[in-house]
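Engineer: What follows is input-v3.cif; its format and atoms are mmCIF, C-alpha atoms.
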```
data_my_file
loop_
_atom_site.group_PDB
_atom_site.id
_atom_site.type_symbol
_atom_site.label_atom_id
_atom_site.label_comp_id
_atom_site.auth_asym_id
_atom_site.auth_seq_id
_atom_site.Cartn_x
_atom_site.Cartn_y
_atom_site.Cartn_z
ATOM 1 C CA THR A 259 -48.926 -159.135 182.787
ATOM 2 C CA GLY A 260 -46.856 -158.982 185.966
ATOM 3 C CA VAL A 261 -44.504 -161.460 184.324
ATOM 4 C CA PHE A 262 -43.668 -158.797 181.750
ATOM 5 C CA VAL A 263 -43.851 -155.411 183.462
ATOM 6 C CA SER A 264 -43.095 -156.023 187.150
ATOM 7 C CA MET A 265 -39.735 -155.080 188.655
ATOM 8 C CA GLY A 266 -38.336 -158.564 188.026
ATOM 9 C CA GLY A 267 -40.253 -159.007 184.785
ATOM 10 C CA VAL A 268 -39.057 -159.547 181.265
ATOM 11 C CA PHE A 269 -38.954 -155.857 180.279
ATOM 12 C CA SER A 270 -37.063 -154.747 183.401
ATOM 13 C CA THR A 271 -34.536 -157.547 183.075
ATOM 14 C CA VAL A 272 -33.899 -156.844 179.409
ATOM 15 C CA MET A 273 -33.604 -153.081 180.000
ATOM 16 C CA GLN A 274 -30.973 -153.635 182.690
ATOM 17 C CA ALA A 275 -28.894 -155.622 180.234
ATOM 18 C CA LEU A 276 -29.321 -152.988 177.523
ATOM 19 C CA TYR A 277 -27.549 -150.449 179.689
ATOM 20 C CA LEU A 278 -24.436 -152.560 179.151
ATOM 21 C CA TYR A 279 -25.140 -153.955 175.702
ATOM 22 C CA ILE A 280 -26.063 -150.919 173.593
ATOM 23 C CA PRO A 281 -22.888 -148.875 174.369
ATOM 24 C CA LEU A 282 -20.793 -151.878 173.392
ATOM 25 C CA LEU A 283 -22.769 -152.222 170.191
ATOM 26 C CA THR A 284 -22.566 -148.536 169.241
ATOM 27 C CA MET A 285 -18.964 -147.910 170.271
ATOM 28 C CA SER A 286 -17.626 -148.688 166.833
ATOM 29 C CA LEU A 287 -20.211 -147.029 164.596
ATOM 30 C CA ILE A 288 -18.115 -143.971 163.761
ATOM 31 C CA SER A 289 -14.908 -144.534 165.740
ATOM 32 C CA ARG A 290 -14.003 -147.610 163.671
ATOM 33 C CA GLU A 291 -14.486 -145.583 160.482
ATOM 34 C CA THR A 292 -12.224 -142.845 161.844
ATOM 35 C CA GLY A 293 -9.617 -145.231 163.247
ATOM 36 C CA SER A 294 -9.284 -147.310 160.081
ATOM 37 C CA GLY A 295 -9.358 -144.319 157.742
ATOM 38 C CA THR A 296 -12.503 -145.340 155.869
ATOM 39 C CA ILE A 297 -14.174 -142.138 157.013
ATOM 40 C CA LYS A 298 -12.158 -140.369 154.320
ATOM 41 C CA LEU A 299 -13.842 -142.556 151.717
ATOM 42 C CA LEU A 300 -17.224 -141.657 153.162
ATOM 43 C CA TYR A 301 -16.334 -137.951 153.120
ATOM 44 C CA SER A 302 -15.267 -138.192 149.475
ATOM 45 C CA SER A 303 -18.545 -139.800 148.456
ATOM 46 C CA PRO A 304 -21.399 -137.569 147.267
ATOM 47 C CA ILE A 305 -23.292 -137.914 150.555
ATOM 48 C CA LYS A 306 -23.275 -135.418 153.411
ATOM 49 C CA VAL A 307 -22.021 -136.053 156.942
ATOM 50 C CA ARG A 308 -25.586 -135.723 158.186
ATOM 51 C CA GLU A 309 -26.631 -138.564 155.893
ATOM 52 C CA ILE A 310 -23.801 -140.748 157.181
ATOM 53 C CA VAL A 311 -24.857 -140.185 160.779
ATOM 54 C CA LEU A 312 -28.553 -140.650 160.018
ATOM 55 C CA GLY A 313 -27.773 -143.833 158.069
ATOM 56 C CA LYS A 314 -25.874 -145.280 161.020
ATOM 57 C CA PHE A 315 -28.681 -144.269 163.380
ATOM 58 C CA PHE A 316 -31.306 -145.717 161.038
ATOM 59 C CA ALA A 317 -29.401 -149.012 161.070
ATOM 60 C CA MET A 318 -29.468 -148.957 164.869
ATOM 61 C CA MET A 319 -33.202 -148.190 164.781
ATOM 62 C CA VAL A 320 -33.793 -151.229 162.567
ATOM 63 C CA TYR A 321 -31.641 -153.350 164.868
ATOM 64 C CA SER A 322 -33.654 -152.053 167.827
ATOM 65 C CA LEU A 323 -36.836 -152.957 165.991
ATOM 66 C CA VAL A 324 -35.500 -156.502 165.610
ATOM 67 C CA LEU A 325 -34.875 -156.628 169.376
ATOM 68 C CA VAL A 326 -38.425 -155.401 169.993
ATOM 69 C CA ALA A 327 -39.718 -158.048 167.573
ATOM 70 C CA LEU A 328 -37.886 -160.744 169.535
ATOM 71 C CA LEU A 329 -39.455 -159.437 172.716
ATOM 72 C CA ALA A 330 -42.816 -159.288 170.934
ATOM 73 C CA VAL A 331 -42.653 -163.055 170.451
ATOM 74 C CA PHE A 332 -42.760 -163.447 174.246
ATOM 75 C CA VAL A 333 -45.476 -160.817 174.572
ATOM 76 C CA ILE A 334 -47.664 -162.466 171.918
ATOM 77 C CA SER A 335 -47.132 -165.818 173.578
ATOM 78 C CA GLY A 336 -48.232 -164.263 176.863
ATOM 79 C CA ILE A 337 -51.279 -162.660 175.272
ATOM 80 C CA VAL A 338 -52.318 -166.019 173.856
ATOM 81 C CA HIS A 339 -51.789 -167.966 177.075
ATOM 82 C CA ILE A 340 -52.838 -165.472 179.773
ATOM 83 C CA ARG A 341 -56.494 -164.937 180.579
ATOM 84 C CA HIS A 342 -57.572 -161.325 180.196
ATOM 85 C CA PRO A 343 -54.182 -159.846 179.333
ATOM 86 C CA GLU A 344 -53.725 -156.099 179.376
ATOM 87 C CA THR A 345 -52.726 -155.835 175.742
ATOM 88 C CA ALA A 346 -52.604 -152.030 175.658
ATOM 89 C CA MET A 347 -50.232 -151.979 178.606
ATOM 90 C CA LEU A 348 -47.936 -154.500 176.938
ATOM 91 C CA MET A 349 -47.925 -152.494 173.690
ATOM 92 C CA THR A 350 -47.123 -149.346 175.677
ATOM 93 C CA ALA A 351 -44.263 -151.188 177.365
ATOM 94 C CA MET A 352 -42.896 -152.215 173.969
ATOM 95 C CA LEU A 353 -43.116 -148.599 172.763
ATOM 96 C CA GLY A 354 -41.199 -147.422 175.824
ATOM 97 C CA PHE A 355 -38.638 -150.155 175.287
ATOM 98 C CA TYR A 356 -38.138 -149.101 171.665
ATOM 99 C CA LEU A 357 -37.839 -145.407 172.538
ATOM 100 C CA LEU A 358 -35.246 -146.245 175.202
ATOM 101 C CA LEU A 359 -33.286 -148.284 172.656
ATOM 102 C CA CYS A 360 -33.343 -145.364 170.221
ATOM 103 C CA ALA A 361 -32.168 -142.942 172.922
ATOM 104 C CA TYR A 362 -29.324 -145.244 173.980
ATOM 105 C CA SER A 363 -28.354 -145.701 170.327
ATOM 106 C CA ALA A 364 -28.224 -141.945 169.722
ATOM 107 C CA ILE A 365 -26.081 -141.449 172.817
ATOM 108 C CA GLY A 366 -23.734 -144.252 171.753
ATOM 109 C CA LEU A 367 -23.484 -142.906 168.218
ATOM 110 C CA PHE A 368 -22.620 -139.431 169.493
ATOM 111 C CA MET A 369 -19.969 -140.777 171.839
ATOM 112 C CA SER A 370 -18.552 -142.815 168.988
ATOM 113 C CA THR A 371 -17.904 -139.611 167.044
ATOM 114 C CA LEU A 372 -15.878 -138.073 169.873
ATOM 115 C CA SER A 373 -13.007 -140.542 169.850
ATOM 116 C CA THR A 374 -11.146 -142.783 167.463
ATOM 117 C CA TYR A 375 -10.806 -145.383 170.217
ATOM 118 C CA GLN A 376 -13.758 -147.718 170.557
ATOM 119 C CA VAL A 377 -13.186 -148.405 174.243
ATOM 120 C CA VAL A 378 -13.216 -144.683 175.022
ATOM 121 C CA ALA A 379 -16.501 -144.341 173.112
ATOM 122 C CA ALA A 380 -18.027 -147.235 175.072
ATOM 123 C CA ILE A 381 -16.911 -145.831 178.428
ATOM 124 C CA ALA A 382 -18.184 -142.368 177.489
ATOM 125 C CA SER A 383 -21.533 -143.918 176.526
ATOM 126 C CA PHE A 384 -21.706 -145.767 179.851
ATOM 127 C CA ILE A 385 -20.953 -142.542 181.693
ATOM 128 C CA MET A 386 -23.507 -140.454 179.780
ATOM 129 C CA ILE A 387 -26.265 -143.030 180.191
ATOM 130 C CA GLY A 388 -25.324 -143.304 183.862
ATOM 131 C CA ILE A 389 -25.507 -139.527 184.293
ATOM 132 C CA LEU A 390 -28.893 -139.345 182.578
ATOM 133 C CA SER A 391 -30.133 -142.216 184.751
ATOM 134 C CA TYR A 392 -28.787 -140.870 188.047
ATOM 135 C CA ILE A 393 -29.430 -137.133 187.662
ATOM 136 C CA GLY A 394 -33.048 -137.462 188.746
ATOM 137 C CA GLN A 395 -31.879 -138.363 192.257
ATOM 138 C CA LEU A 396 -29.700 -135.270 192.758
ATOM 139 C CA TRP A 397 -30.652 -132.110 194.674
ATOM 140 C CA GLN A 398 -34.237 -133.169 195.350
ATOM 141 C CA ARG A 399 -34.774 -130.702 198.215
ATOM 142 C CA ILE A 400 -34.659 -127.614 195.983
ATOM 143 C CA ALA A 401 -37.926 -127.265 194.045
ATOM 144 C CA PHE A 402 -36.547 -125.640 190.871
ATOM 145 C CA VAL A 403 -33.585 -128.001 190.647
ATOM 146 C CA ARG A 404 -35.833 -131.004 191.364
ATOM 147 C CA GLU A 405 -37.986 -130.118 188.338
ATOM 148 C CA LEU A 406 -34.909 -129.625 186.159
ATOM 149 C CA THR A 407 -33.207 -132.859 187.188
ATOM 150 C CA TYR A 408 -36.458 -134.775 186.768
ATOM 151 C CA PHE A 409 -36.809 -133.445 183.237
ATOM 152 C CA LEU A 410 -33.250 -134.527 182.402
ATOM 153 C CA SER A 411 -33.591 -137.980 183.958
ATOM 154 C CA ILE A 412 -34.075 -140.905 181.604
ATOM 155 C CA SER A 413 -34.666 -143.533 184.286
ATOM 156 C CA GLY A 414 -38.279 -142.869 185.245
ATOM 157 C CA ARG A 415 -39.542 -142.304 181.724
ATOM 158 C CA THR A 416 -39.611 -145.906 180.615
ATOM 159 C CA GLN A 417 -40.931 -147.097 183.972
ATOM 160 C CA LYS A 418 -44.103 -145.072 183.352
ATOM 161 C CA MET A 419 -44.528 -146.713 179.966
ATOM 162 C CA LEU A 420 -43.985 -150.127 181.527
ATOM 163 C CA ALA A 421 -46.885 -149.285 183.815
ATOM 164 C CA GLY A 422 -49.057 -148.493 180.772
ATOM 165 C CA LEU A 423 -48.905 -144.704 180.852
ATOM 166 C CA VAL A 424 -47.895 -142.906 177.664
ATOM 167 C CA THR A 425 -47.548 -139.168 178.040
ATOM 168 C CA THR A 426 -46.531 -136.725 175.365
ATOM 169 C CA LYS A 427 -43.996 -135.330 177.820
ATOM 170 C CA ASP A 428 -42.136 -138.646 177.894
ATOM 171 C CA VAL A 429 -42.359 -139.264 174.154
ATOM 172 C CA VAL A 430 -41.136 -135.725 173.445
ATOM 173 C CA TYR A 431 -38.294 -136.292 175.920
ATOM 174 C CA PHE A 432 -37.043 -139.308 173.975
ATOM 175 C CA ILE A 433 -37.377 -137.438 170.674
ATOM 176 C CA VAL A 434 -35.439 -134.470 172.100
ATOM 177 C CA ILE A 435 -32.684 -136.745 173.477
ATOM 178 C CA VAL A 436 -32.319 -138.464 170.119
ATOM 179 C CA TYR A 437 -32.285 -135.124 168.295
ATOM 180 C CA LEU A 438 -29.718 -133.583 170.661
ATOM 181 C CA PHE A 439 -27.304 -136.473 170.432
ATOM 182 C CA LEU A 440 -27.614 -136.809 166.684
#
```
Before we go any further, please render this structure as structure tokens.
Structural biologist:
Amino acid sequence: TGVFVSMGGVFSTVMQALYLYIPLLTMSLISRETGSGTIKLLYSSPIKVREIVLGKFFAMMVYSLVLVALLAVFVISGIVHIRHPETAMLMTAMLGFYLLLCAYSAIGLFMSTLSTYQVVAAIASFIMIGILSYIGQLWQRIAFVRELTYFLSISGRTQKMLAGLVTTKDVVYFIVIVYLFL
């Protein structure tokens, strides 16, 4: 299982690429609609803005599920070919991977609503994901601030799940991040 969950493993390598890939994928979800004027058609339809946003996010969730399914092919192959695999740990890693994808998608979708320019939305997504990844390293000498910055940090959450540890605190964190950005 070290092939999958170690620092140079499959999950870590894929997650490093997602930091760059997901903002580029989500940059045009709403900003393209606004820039081309098709958002007016969506507003004139009998659906609410909330349903538009949730529909776009649901599409990203399905796309993320496809990415997890592609990764599951490697995991299943590993389970079949490795003696005594830690299947629960690999399933936990896939759950963490999916929750991270959903959080990145929600951040990208939110940033896409802030600008009509797709490049600005992508850069804003990069910056926000960077802030949420880096904030856990700031002001670590002050106890209260250390607890606050740790709670806001997204970087350590998935690493715990890659190690096989699912806590409600981490799952709730991802749900709260998705809810806040949607």
Engineer: Which residues fall under the PyMOL selection byres ((chain A and resi 383) around 9) in this file, as a PyMOL selection string?
Structural biologist: chain A and resi 280-282+284-285+362+365-370+378-382+384-388
Engineer: For a test of reading the model, state the distance in Å between CA of Ala275 in chain A and CA of Tyr408 in chain A, rounded to one decimal.
Structural biologist: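 Taking CA of Ala275 in chain A and CA of Tyr408 in chain A, their separation equals 23.1 Å.
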Engineer: Grab the CA of Thr350 in chain A to CA of Ala330 in chain A distance for me, in Å with one decimal place.
Structural biologist: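 Taking CA of Thr350 in chain A as the start and CA of Ala330 in chain A as the end point, the length is 11.8 Å.
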Engineer: Run the PyMOL selection byres ((chain A and resi 393) around 9) mentally over the shown coordinates, then write out the matched residues as a list in words, using the chain letters and numbers from the document.
Structural biologist: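 Checked against the file, the PyMOL selection byres ((chain A and resi 393) around 9) matches Gly388, Ile389, Leu390, Ser391, Tyr392, Gly394, Gln395, Leu396, Trp397, Thr407, Tyr408, Leu410, Ser411, Ile412 and Ser413 of chain A.
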Engineer: Convert the current residue selection to file output with C-alpha atoms, as a PDB file, in the frame of the given file.
Structural biologist:
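Okay, this is what ended up in selection_34.pdb:
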```
ATOM      1  CA  GLY A 388     -25.324-143.304 183.862  1.00  0.00           C
ATOM      2  CA  ILE A 389     -25.507-139.527 184.293  1.00  0.00           C
ATOM      3  CA  LEU A 390     -28.893-139.345 182.578  1.00  0.00           C
ATOM      4  CA  SER A 391     -30.133-142.216 184.751  1.00  0.00           C
ATOM      5  CA  TYR A 392     -28.787-140.870 188.047  1.00  0.00           C
ATOM      6  CA  GLY A 394     -33.048-137.462 188.746  1.00  0.00           C
ATOM      7  CA  GLN A 395     -31.879-138.363 192.257  1.00  0.00           C
ATOM      8  CA  LEU A 396     -29.700-135.270 192.758  1.00  0.00           C
ATOM      9  CA  TRP A 397     -30.652-132.110 194.674  1.00  0.00           C
ATOM     10  CA  THR A 407     -33.207-132.859 187.188  1.00  0.00           C
ATOM     11  CA  TYR A 408     -36.458-134.775 186.768  1.00  0.00           C
ATOM     12  CA  LEU A 410     -33.250-134.527 182.402  1.00  0.00           C
ATOM     13  CA  SER A 411     -33.591-137.980 183.958  1.00  0.00           C
ATOM     14  CA  ILE A 412     -34.075-140.905 181.604  1.00  0.00           C
ATOM     15  CA  SER A 413     -34.666-143.533 184.286  1.00  0.00           C
TER      16      SER A 413
END
```
Engineer: Here's the selection I'm unsure about, the PyMOL selection byres ((chain A and resi 361) around 8); applied to the file above, which residues does it give, as a PyMOL selection string?
Structural biologist: chain A and resi 357-360+362-365+432-433+435-436
Engineer: Which residue is closest to Val268 in chain A? Choose from A:Val311, A:Ile305, A:Ala327, A:Leu420 and count all atoms listed in the file.
Structural biologist: A:Leu420
Engineer: Could you check which of A:Gln376, A:Ser270, A:Ser303, A:Thr371 is closest to Leu283 in chain A, using all atoms listed in the file?
Structural biologist: A:Gln376
Engineer: Which distance in Å separates CA of Tyr279 in chain A and CA of Ile337 in chain A, to one decimal?
Structural biologist: 27.6 Å
Engineer: Using only C-alpha atoms, can you tell me which of A:Val377, A:Ala401, A:Tyr321, A:Gly354 comes closest to Tyr431 in chain A?
Structural biologist: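 Ranking A:Val377, A:Ala401, A:Tyr321, A:Gly354 by distance to Tyr431 in chain A, first place goes to A:Gly354.
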Engineer: Using all atoms listed in the file, can you list as a PyMOL selection string the residues within 9 Å of (-41.0, -145.8, 182.0)?
Structural biologist: chain A and resi 351+354-355+358+412-424+428
Engineer: Might I get the box with edges along x, y and z of the file that holds all atoms of range 374-390 of chain A listed there, padded by 8 Å on every side, given as centre and edge lengths in Å to one decimal, as AutoDock Vina command-line options?
Structural biologist:
```
--center_x -19.8 --center_y -143.9 --center_z 175.9 --size_x 34.1 --size_y 25.1 --size_z 32.8
```
Engineer: So, with only C-alpha atoms as the atoms that count, which of A:Met319, A:Ala346, A:Val307, A:Met352 lies closest to Val331 in chain A?
Structural biologist: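 Among the listed residues, the smallest separation from Val331 in chain A belongs to A:Met352.
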